[in-house]
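Heads up, coords-v1.pdb below (PDB, C-alpha atoms):
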```pdb
ATOM      1  CA  GLY E   1      38.330   4.362 -30.605
ATOM      2  CA  ALA E   2      38.675   7.578 -28.666
ATOM      3  CA  ALA E   3      37.025   9.585 -31.452
ATOM      4  CA  ALA E   4      33.750   7.710 -30.887
ATOM      5  CA  TYR E   5      33.557   9.001 -27.308
ATOM      6  CA  ARG E   6      34.249  12.651 -28.184
ATOM      7  CA  PRO E   7      30.534  13.531 -28.759
ATOM      8  CA  LEU E   8      29.614  11.942 -25.429
ATOM      9  CA  ARG E   9      32.365  13.812 -23.623
ATOM     10  CA  ALA E  10      31.331  17.067 -25.249
ATOM     11  CA  ALA E  11      27.686  16.497 -24.267
ATOM     12  CA  ALA E  12      28.649  15.667 -20.667
ATOM     13  CA  ALA E  13      30.895  18.728 -20.466
ATOM     14  CA  GLY E  14      28.102  20.910 -21.854
ATOM     15  CA  ALA E  15      25.574  19.551 -19.346
ATOM     16  CA  LEU E  16      27.990  20.100 -16.431
ATOM     17  CA  SER E  17      28.728  23.618 -17.609
ATOM     18  CA  ALA E  18      24.996  24.403 -17.836
ATOM     19  CA  VAL E  19      24.418  23.095 -14.296
ATOM     20  CA  LEU E  20      27.296  25.127 -12.883
ATOM     21  CA  THR E  21      26.194  28.238 -14.764
ATOM     22  CA  GLY E  22      22.619  27.828 -13.519
ATOM     23  CA  ARG E  23      23.845  27.331  -9.981
ATOM     24  CA  GLY E  24      25.996  30.451 -10.221
ATOM     25  CA  ASP E  25      23.079  32.518 -11.530
ATOM     26  CA  LEU E  26      20.870  31.242  -8.715
ATOM     27  CA  MET E  27      23.438  32.157  -6.067
ATOM     28  CA  ARG E  28      23.880  35.652  -7.539
ATOM     29  CA  TYR E  29      20.108  36.133  -7.583
ATOM     30  CA  PHE E  30      19.866  34.984  -3.949
ATOM     31  CA  ALA E  31      22.677  37.367  -2.940
ATOM     32  CA  LYS E  32      20.741  40.322  -4.389
ATOM     33  CA  LEU E  33      17.616  39.572  -2.327
ATOM     34  CA  ARG E  34      16.712  41.662   0.710
ATOM     35  CA  ILE E  35      17.208  40.121   4.149
ATOM     36  CA  ALA E  36      13.461  39.537   4.583
ATOM     37  CA  SER E  37      13.270  37.766   1.229
ATOM     38  CA  LYS E  38      16.294  35.646   2.095
ATOM     39  CA  LEU E  39      14.700  34.660   5.406
ATOM     40  CA  THR E  40      11.505  33.762   3.577
ATOM     41  CA  VAL E  41      13.350  31.518   1.130
ATOM     42  CA  ILE E  42      15.374  29.842   3.899
ATOM     43  CA  VAL E  43      12.355  29.188   6.148
ATOM     44  CA  MET E  44      10.278  27.869   3.245
ATOM     45  CA  GLY E  45      13.150  25.605   2.227
ATOM     46  CA  ILE E  46      13.465  24.223   5.769
ATOM     47  CA  VAL E  47       9.718  23.644   6.040
ATOM     48  CA  LEU E  48       9.635  21.960   2.631
ATOM     49  CA  LEU E  49      12.592  19.703   3.493
ATOM     50  CA  PHE E  50      10.993  18.782   6.826
ATOM     51  CA  ALA E  51       7.711  17.996   5.053
ATOM     52  CA  ILE E  52       9.435  15.748   2.492
ATOM     53  CA  LEU E  53      11.352  13.823   5.170
ATOM     54  CA  SER E  54       8.264  13.531   7.387
ATOM     55  CA  GLY E  55       6.160  12.397   4.433
ATOM     56  CA  ALA E  56       8.667   9.685   3.508
ATOM     57  CA  LEU E  57       8.819   8.447   7.112
ATOM     58  CA  MET E  58       5.029   8.539   7.420
ATOM     59  CA  LEU E  59       4.625   6.615   4.172
ATOM     60  CA  VAL E  60       6.950   3.812   5.306
ATOM     61  CA  THR E  61       5.495   3.647   8.821
ATOM     62  CA  LEU E  62       1.854   3.776   7.724
ATOM     63  CA  THR E  63       2.445   1.127   5.077
ATOM     64  CA  ASP E  64       3.796  -1.334   7.646
ATOM     65  CA  ILE E  65       1.112  -0.542  10.233
ATOM     66  CA  MET E  66      -1.793  -0.711   7.791
ATOM     67  CA  ARG E  67      -0.520  -3.860   6.101
ATOM     68  CA  ALA E  68      -0.242  -5.584   9.487
ATOM     69  CA  SER E  69      -3.745  -4.381  10.405
ATOM     70  CA  LEU E  70      -5.132  -5.674   7.116
ATOM     71  CA  GLU E  71      -3.474  -9.036   7.710
ATOM     72  CA  ARG E  72      -5.009  -9.318  11.191
ATOM     73  CA  ARG E  73      -8.468  -8.564   9.800
ATOM     74  CA  GLY E  74      -7.997 -11.132   7.048
ATOM     75  CA  LEU E  75      -6.884 -13.763   9.545
ATOM     76  CA  SER E  76      -9.956 -12.999  11.643
ATOM     77  CA  VAL E  77     -12.249 -13.556   8.648
ATOM     78  CA  ALA E  78     -10.453 -16.795   7.727
ATOM     79  CA  ALA E  79     -10.707 -18.095  11.314
ATOM     80  CA  GLU E  80     -14.425 -17.295  11.428
ATOM     81  CA  VAL E  81     -15.123 -19.042   8.122
ATOM     82  CA  ALA E  82     -13.098 -22.073   9.223
ATOM     83  CA  GLU E  83     -15.103 -22.355  12.432
ATOM     84  CA  LEU E  84     -18.532 -21.842  10.828
ATOM     85  CA  SER E  85     -17.878 -24.153   7.862
ATOM     86  CA  SER E  86     -16.875 -27.191   9.889
ATOM     87  CA  ASP E  87     -20.359 -28.700  10.259
ATOM     88  CA  ALA E  88     -21.339 -28.010   6.647
ATOM     89  CA  LEU E  89     -18.154 -29.687   5.383
ATOM     90  CA  GLN E  90     -18.780 -32.788   7.483
ATOM     91  CA  THR E  91     -22.360 -33.093   6.235
ATOM     92  CA  GLY E  92     -21.503 -32.138   2.639
ATOM     93  CA  ASN E  93     -23.889 -29.165   2.694
ATOM     94  CA  LEU E  94     -22.470 -27.213  -0.262
ATOM     95  CA  PHE E  95     -25.352 -24.728  -0.293
ATOM     96  CA  ALA E  96     -24.558 -23.699   3.296
ATOM     97  CA  LEU E  97     -20.883 -23.324   2.387
ATOM     98  CA  GLU E  98     -21.687 -21.081  -0.592
ATOM     99  CA  GLU E  99     -24.023 -18.941   1.494
ATOM    100  CA  LEU E 100     -21.453 -18.631   4.290
ATOM    101  CA  ILE E 101     -18.522 -17.460   2.178
ATOM    102  CA  HIS E 102     -20.607 -15.050   0.076
ATOM    103  CA  THR E 103     -22.044 -13.500   3.236
ATOM    104  CA  GLU E 104     -18.566 -13.097   4.734
ATOM    105  CA  LYS E 105     -17.288 -11.466   1.545
ATOM    106  CA  ARG E 106     -20.222  -9.031   1.408
ATOM    107  CA  ASN E 107     -19.680  -8.050   5.044
ATOM    108  CA  ASN E 108     -15.959  -7.357   4.551
ATOM    109  CA  ASP E 109     -15.262  -5.034   1.644
ATOM    110  CA  PHE E 110     -11.481  -5.542   1.890
ATOM    111  CA  VAL E 111     -11.895  -9.243   1.015
ATOM    112  CA  SER E 112     -11.399 -10.021  -2.691
ATOM    113  CA  TYR E 113     -12.286 -13.702  -2.568
ATOM    114  CA  ILE E 114     -12.909 -16.719  -0.343
ATOM    115  CA  PHE E 115     -12.761 -20.361  -1.267
ATOM    116  CA  LEU E 116     -12.740 -23.697   0.544
ATOM    117  CA  LEU E 117     -10.547 -26.695  -0.196
ATOM    118  CA  ASP E 118     -11.082 -30.239   0.979
ATOM    119  CA  THR E 119      -8.260 -32.472   2.204
ATOM    120  CA  ASP E 120      -7.460 -33.503  -1.393
ATOM    121  CA  GLY E 121      -7.127 -29.895  -2.525
ATOM    122  CA  ARG E 122     -10.422 -29.852  -4.415
ATOM    123  CA  VAL E 123     -12.450 -26.629  -4.401
ATOM    124  CA  MET E 124     -15.675 -27.088  -2.458
ATOM    125  CA  ALA E 125     -17.013 -23.527  -2.792
ATOM    126  CA  HIS E 126     -15.760 -20.132  -3.963
ATOM    127  CA  THR E 127     -16.881 -16.517  -4.434
ATOM    128  CA  PHE E 128     -15.439 -15.924  -7.926
ATOM    129  CA  THR E 129     -18.119 -14.808 -10.403
ATOM    130  CA  LYS E 130     -16.125 -15.777 -13.532
ATOM    131  CA  GLY E 131     -14.515 -18.970 -12.297
ATOM    132  CA  MET E 132     -11.585 -19.414  -9.966
ATOM    133  CA  PRO E 133      -8.039 -18.723 -11.260
ATOM    134  CA  LEU E 134      -6.249 -22.062 -11.130
ATOM    135  CA  HIS E 135      -2.885 -20.686  -9.959
ATOM    136  CA  LEU E 136      -4.375 -19.524  -6.653
ATOM    137  CA  ARG E 137      -5.149 -23.027  -5.446
ATOM    138  CA  GLU E 138      -1.499 -24.140  -5.516
ATOM    139  CA  LEU E 139      -0.002 -21.039  -3.891
ATOM    140  CA  HIS E 140       0.572 -22.639  -0.468
ATOM    141  CA  GLY E 141       1.401 -26.109  -1.740
ATOM    142  CA  GLU E 142       0.097 -28.803   0.584
ATOM    143  CA  GLY E 143       0.148 -26.376   3.518
ATOM    144  CA  GLY E 144       0.381 -27.319   7.165
ATOM    145  CA  GLU E 145      -1.582 -27.164  10.377
ATOM    146  CA  GLU E 146      -0.812 -23.486  11.000
ATOM    147  CA  PRO E 147      -2.245 -20.415   9.227
ATOM    148  CA  GLU E 148      -0.113 -18.983   6.429
ATOM    149  CA  VAL E 149      -0.059 -15.591   4.689
ATOM    150  CA  LEU E 150       1.475 -14.899   1.270
ATOM    151  CA  ARG E 151       1.642 -11.554  -0.550
ATOM    152  CA  VAL E 152       1.149 -12.045  -4.288
ATOM    153  CA  ASN E 153       0.501  -9.975  -7.409
ATOM    154  CA  THR E 154      -2.641 -11.131  -9.206
ATOM    155  CA  SER E 155      -5.047  -9.886 -11.858
ATOM    156  CA  LEU E 156      -7.003  -8.523  -8.883
ATOM    157  CA  GLY E 157      -4.026  -6.420  -7.736
ATOM    158  CA  GLN E 158      -1.733  -6.885  -4.732
ATOM    159  CA  ILE E 159      -3.291  -9.588  -2.534
ATOM    160  CA  GLN E 160      -2.577 -11.093   0.870
ATOM    161  CA  ASP E 161      -3.555 -14.720   0.357
ATOM    162  CA  ILE E 162      -4.396 -16.318   3.713
ATOM    163  CA  ARG E 163      -4.657 -20.044   4.309
ATOM    164  CA  TRP E 164      -6.421 -21.195   7.490
ATOM    165  CA  PRO E 165      -6.684 -24.969   8.187
ATOM    166  CA  ILE E 166     -10.123 -26.250   9.190
ATOM    167  CA  GLU E 167      -9.983 -28.472  12.284
ATOM    168  CA  GLY E 168      -6.193 -28.499  12.067
ATOM    169  CA  GLY E 169      -6.362 -29.479   8.393
ATOM    170  CA  ALA E 170      -8.521 -32.559   8.983
ATOM    171  CA  LEU E 171     -11.373 -31.017   6.944
ATOM    172  CA  GLY E 172      -9.344 -28.986   4.484
ATOM    173  CA  ALA E 173      -8.598 -25.277   4.520
ATOM    174  CA  VAL E 174     -10.091 -21.828   4.043
ATOM    175  CA  ARG E 175      -8.419 -19.406   1.654
ATOM    176  CA  VAL E 176      -9.106 -15.691   1.942
ATOM    177  CA  GLY E 177      -7.724 -13.059  -0.422
ATOM    178  CA  VAL E 178      -7.328  -9.621   1.141
ATOM    179  CA  SER E 179      -6.904  -6.709  -1.272
ATOM    180  CA  GLU E 180      -4.221  -4.098  -0.588
ATOM    181  CA  ASP E 181      -5.795  -1.651  -3.069
ATOM    182  CA  ALA E 182      -7.700   0.096  -0.279
ATOM    183  CA  LEU E 183      -4.418   0.409   1.612
ATOM    184  CA  GLN E 184      -2.752   2.131  -1.346
ATOM    185  CA  GLU E 185      -5.695   4.495  -1.801
ATOM    186  CA  LEU E 186      -5.598   5.463   1.874
ATOM    187  CA  LEU E 187      -1.838   6.044   1.765
ATOM    188  CA  VAL E 188      -2.153   8.284  -1.294
ATOM    189  CA  SER E 189      -4.981  10.178   0.414
ATOM    190  CA  ASN E 190      -2.868  10.762   3.545
ATOM    191  CA  VAL E 191       0.159  11.892   1.521
ATOM    192  CA  LEU E 192      -1.980  14.364  -0.455
ATOM    193  CA  LYS E 193      -3.405  15.732   2.796
ATOM    194  CA  MET E 194       0.098  16.219   4.171
ATOM    195  CA  LEU E 195       1.185  17.999   0.983
ATOM    196  CA  GLY E 196      -1.809  20.294   1.304
ATOM    197  CA  ILE E 197      -0.960  21.076   4.936
ATOM    198  CA  THR E 198       2.666  21.747   3.932
ATOM    199  CA  LEU E 199       1.623  24.217   1.240
ATOM    200  CA  VAL E 200      -0.586  26.055   3.754
ATOM    201  CA  ILE E 201       2.287  26.214   6.270
ATOM    202  CA  LEU E 202       4.649  27.507   3.581
ATOM    203  CA  LEU E 203       2.174  30.191   2.600
ATOM    204  CA  LEU E 204       1.566  31.276   6.219
ATOM    205  CA  ALA E 205       5.318  31.324   6.919
ATOM    206  CA  ALA E 206       5.936  33.518   3.859
ATOM    207  CA  ILE E 207       3.159  35.943   4.861
ATOM    208  CA  LEU E 208       4.401  36.110   8.472
ATOM    209  CA  ILE E 209       8.001  36.819   7.479
ATOM    210  CA  PHE E 210       6.892  39.412   4.938
ATOM    211  CA  ARG E 211       4.780  41.230   7.540
ATOM    212  CA  LEU E 212       7.563  41.100  10.148
ATOM    213  CA  SER E 213       9.969  42.603   7.640
ATOM    214  CA  LYS E 214       7.690  45.648   7.377
ATOM    215  CA  ILE E 215       7.819  46.368  11.126
TER     216      ILE E 215
END
```

Please go through the file and, once you have read it, give me the structure as structure tokens.
Amino acid sequence: GAAAYRPLRAAAAGALSAVLTGRGDLMRYFAKLRIASKLTVIVMGIVLLFAILSGALMLVTLTDIMRASLERRGLSVAAEVAELSSDALQTGNLFALEELIHTEKRNNDFVSYIFLLDTDGRVMAHTFTKGMPLHLRELHGEGGEEPEVLRVNTSLGQIQDIRWPIEGGALGAVRVGVSEDALQELLVSNVLKMLGITLVILLLAAILIFRLSKI
């Protein structure tokens, strides 16, 4: 009954008391600081808060912009492969198809894979070195006459899987997998740069306030 909750209540009360005590000690310490030191702490706090809010906004905005840019580039690759593979599909030139998709993949480092499906959903050519994962083929179902983009988690990481019909679907479809790993790496790089800039600004602000306090 109630006795079982007494240890939990005691622990919660102890934690709350510790937080309040720590807060009180911090406020007393702040009150003892000189005016210049107080100004330094306040300015650094404002700069740090601004940096955190700006970083969060930048992260969200950049993610959307870069993801959209990556999708456009993937669609461009898929459209190009669909156009260039049309003749080879009609003549059954599998060697030309293999050469085409491997060349496209080499020329676009953000592309994880490319494969071609005929009208019956059979794989005509692909760029996988260890065999094509079967679940990828069925991602879009039967598909339609318009390009489609799906974001999926795979063993290759986060992928934008793009389906582009060839000749409106009359000759099958191109599938292009665009990796978002590069996007994540670039986002992390930008966030780290912003953190570095923030630390420099904090340091300069502290030095400036300290020097002004000596005047």

Protein, DNA and RNA residues within 12 Å of (-10.5, -7.0, 4.3), all atoms listed in the file, as a PyMOL selection string: chain E and resi 66-78+104-114+159-162+176-183

Pick from E:Leu59, E:Val43, E:Leu203, E:Gly157, whichever lies nearest to Ser189 in chain E using all atoms listed in the file: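 Answer, going by the shortest atom-to-atom distance: E:Leu59.
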
Interatomic distance, CA of Ile101 in chain E to CA of Val174 in chain E (Å, one decimal):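 Straight-line distance from CA of Ile101 in chain E to CA of Val174 in chain E works out to 9.7 Å.
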
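Straight-line separation from CA of Ala51 in chain E to CA of Thr63 in chain E: 17.7 Å.
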
Residue contacts of Leu199 in chain E (9 Å, only C-alpha atoms) excluding same-chain residues fewer than 5 positions away, as number ranges by chain: E: 48, 194, 204

All residues 12 Å or closer to Ile52 in chain E, all atoms listed in the file, same chain fewer than 5 positions away omitted, as a ChimeraX atom specification: /E:45-47,57-59,191-192,194-195,197-199

Hey, can you spit out that residue selection with C-alpha atoms as a PDB file, in the coordinates of the input?
```
ATOM      1  CA  GLY E  45      13.150  25.605   2.227  1.00  0.00           C
ATOM      2  CA  ILE E  46      13.465  24.223   5.769  1.00  0.00           C
ATOM      3  CA  VAL E  47       9.718  23.644   6.040  1.00  0.00           C
ATOM      4  CA  LEU E  57       8.819   8.447   7.112  1.00  0.00           C
ATOM      5  CA  MET E  58       5.029   8.539   7.420  1.00  0.00           C
ATOM      6  CA  LEU E  59       4.625   6.615   4.172  1.00  0.00           C
ATOM      7  CA  VAL E 191       0.159  11.892   1.521  1.00  0.00           C
ATOM      8  CA  LEU E 192      -1.980  14.364  -0.455  1.00  0.00           C
ATOM      9  CA  MET E 194       0.098  16.219   4.171  1.00  0.00           C
ATOM     10  CA  LEU E 195       1.185  17.999   0.983  1.00  0.00           C
ATOM     11  CA  ILE E 197      -0.960  21.076   4.936  1.00  0.00           C
ATOM     12  CA  THR E 198       2.666  21.747   3.932  1.00  0.00           C
ATOM     13  CA  LEU E 199       1.623  24.217   1.240  1.00  0.00           C
TER      14      LEU E 199
END
```

From E:Arg175, E:Arg137, E:Arg211, E:Lys193, residue lying nearest Glu80 in chain E [all atoms listed in the file]: E:Arg175

Nearest candidate to Asp120 in chain E (options E:Val60, E:Leu171, E:Leu202, E:Met132; using only C-alpha atoms):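 Of the candidates, the smallest distance to Asp120 in chain E is held by E:Leu171.
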
Distance in Å - CA of Leu117 in chain E versus CA of Glu99 in chain E: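 That distance, rounded to one decimal, is 15.6 Å.
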
Answer key for the PyMOL selection byres ((chain E and resi 172) around 6), residues as a ChimeraX atom specification: /E:117-119,166,169-171,173

Nearest residue to Glu98 in chain E from the set E:Glu83, E:Ser54, E:Thr127, E:Ala206 (distances using all atoms listed in the file):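 Of E:Glu83, E:Ser54, E:Thr127, E:Ala206, the one nearest Glu98 in chain E is E:Thr127, counting all atoms listed in the file.
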
Residue with smallest distance to Pro147 in chain E - pool E:Pro133, E:Gly196, E:Gly92, E:Gly168, counting only C-alpha atoms: E:Gly168

Explicit residue set for the PyMOL selection byres ((chain E and resi 144) around 10), as an MDAnalysis selection string: chainID E and resid 140:143 145:148 163:165 168:169 173

Residue selection dump (C-alpha atoms) as an mmCIF file, keeping the file's coordinate frame:
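The resulting selection-v5.cif:
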```
data_model
loop_
_atom_site.group_PDB
_atom_site.id
_atom_site.type_symbol
_atom_site.label_atom_id
_atom_site.label_comp_id
_atom_site.auth_asym_id
_atom_site.auth_seq_id
_atom_site.Cartn_x
_atom_site.Cartn_y
_atom_site.Cartn_z
ATOM 1 C CA HIS E 140 0.572 -22.639 -0.468
ATOM 2 C CA GLY E 141 1.401 -26.109 -1.740
ATOM 3 C CA GLU E 142 0.097 -28.803 0.584
ATOM 4 C CA GLY E 143 0.148 -26.376 3.518
ATOM 5 C CA GLU E 145 -1.582 -27.164 10.377
ATOM 6 C CA GLU E 146 -0.812 -23.486 11.000
ATOM 7 C CA PRO E 147 -2.245 -20.415 9.227
ATOM 8 C CA GLU E 148 -0.113 -18.983 6.429
ATOM 9 C CA ARG E 163 -4.657 -20.044 4.309
ATOM 10 C CA TRP E 164 -6.421 -21.195 7.490
ATOM 11 C CA PRO E 165 -6.684 -24.969 8.187
ATOM 12 C CA GLY E 168 -6.193 -28.499 12.067
ATOM 13 C CA GLY E 169 -6.362 -29.479 8.393
ATOM 14 C CA ALA E 173 -8.598 -25.277 4.520
#
```

Counting all atoms listed in the file, the residue of E:Leu139, E:Leu134, E:Ala88, E:Val41 that sits nearest Arg151 in chain E: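 Closest residue, counting all atoms listed in the file: E:Leu139.
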
Around all the atoms of range 92-110 of chain E listed in the file, with 8 Å of room on each side, what axis-aligned box do you get, giving centre and edge lengths in Å to one decimal, as JSON?
```
{"center_x": -18.4, "center_y": -18.6, "center_z": 2.2, "size_x": 29.9, "size_y": 43.1, "size_z": 21.6}
```
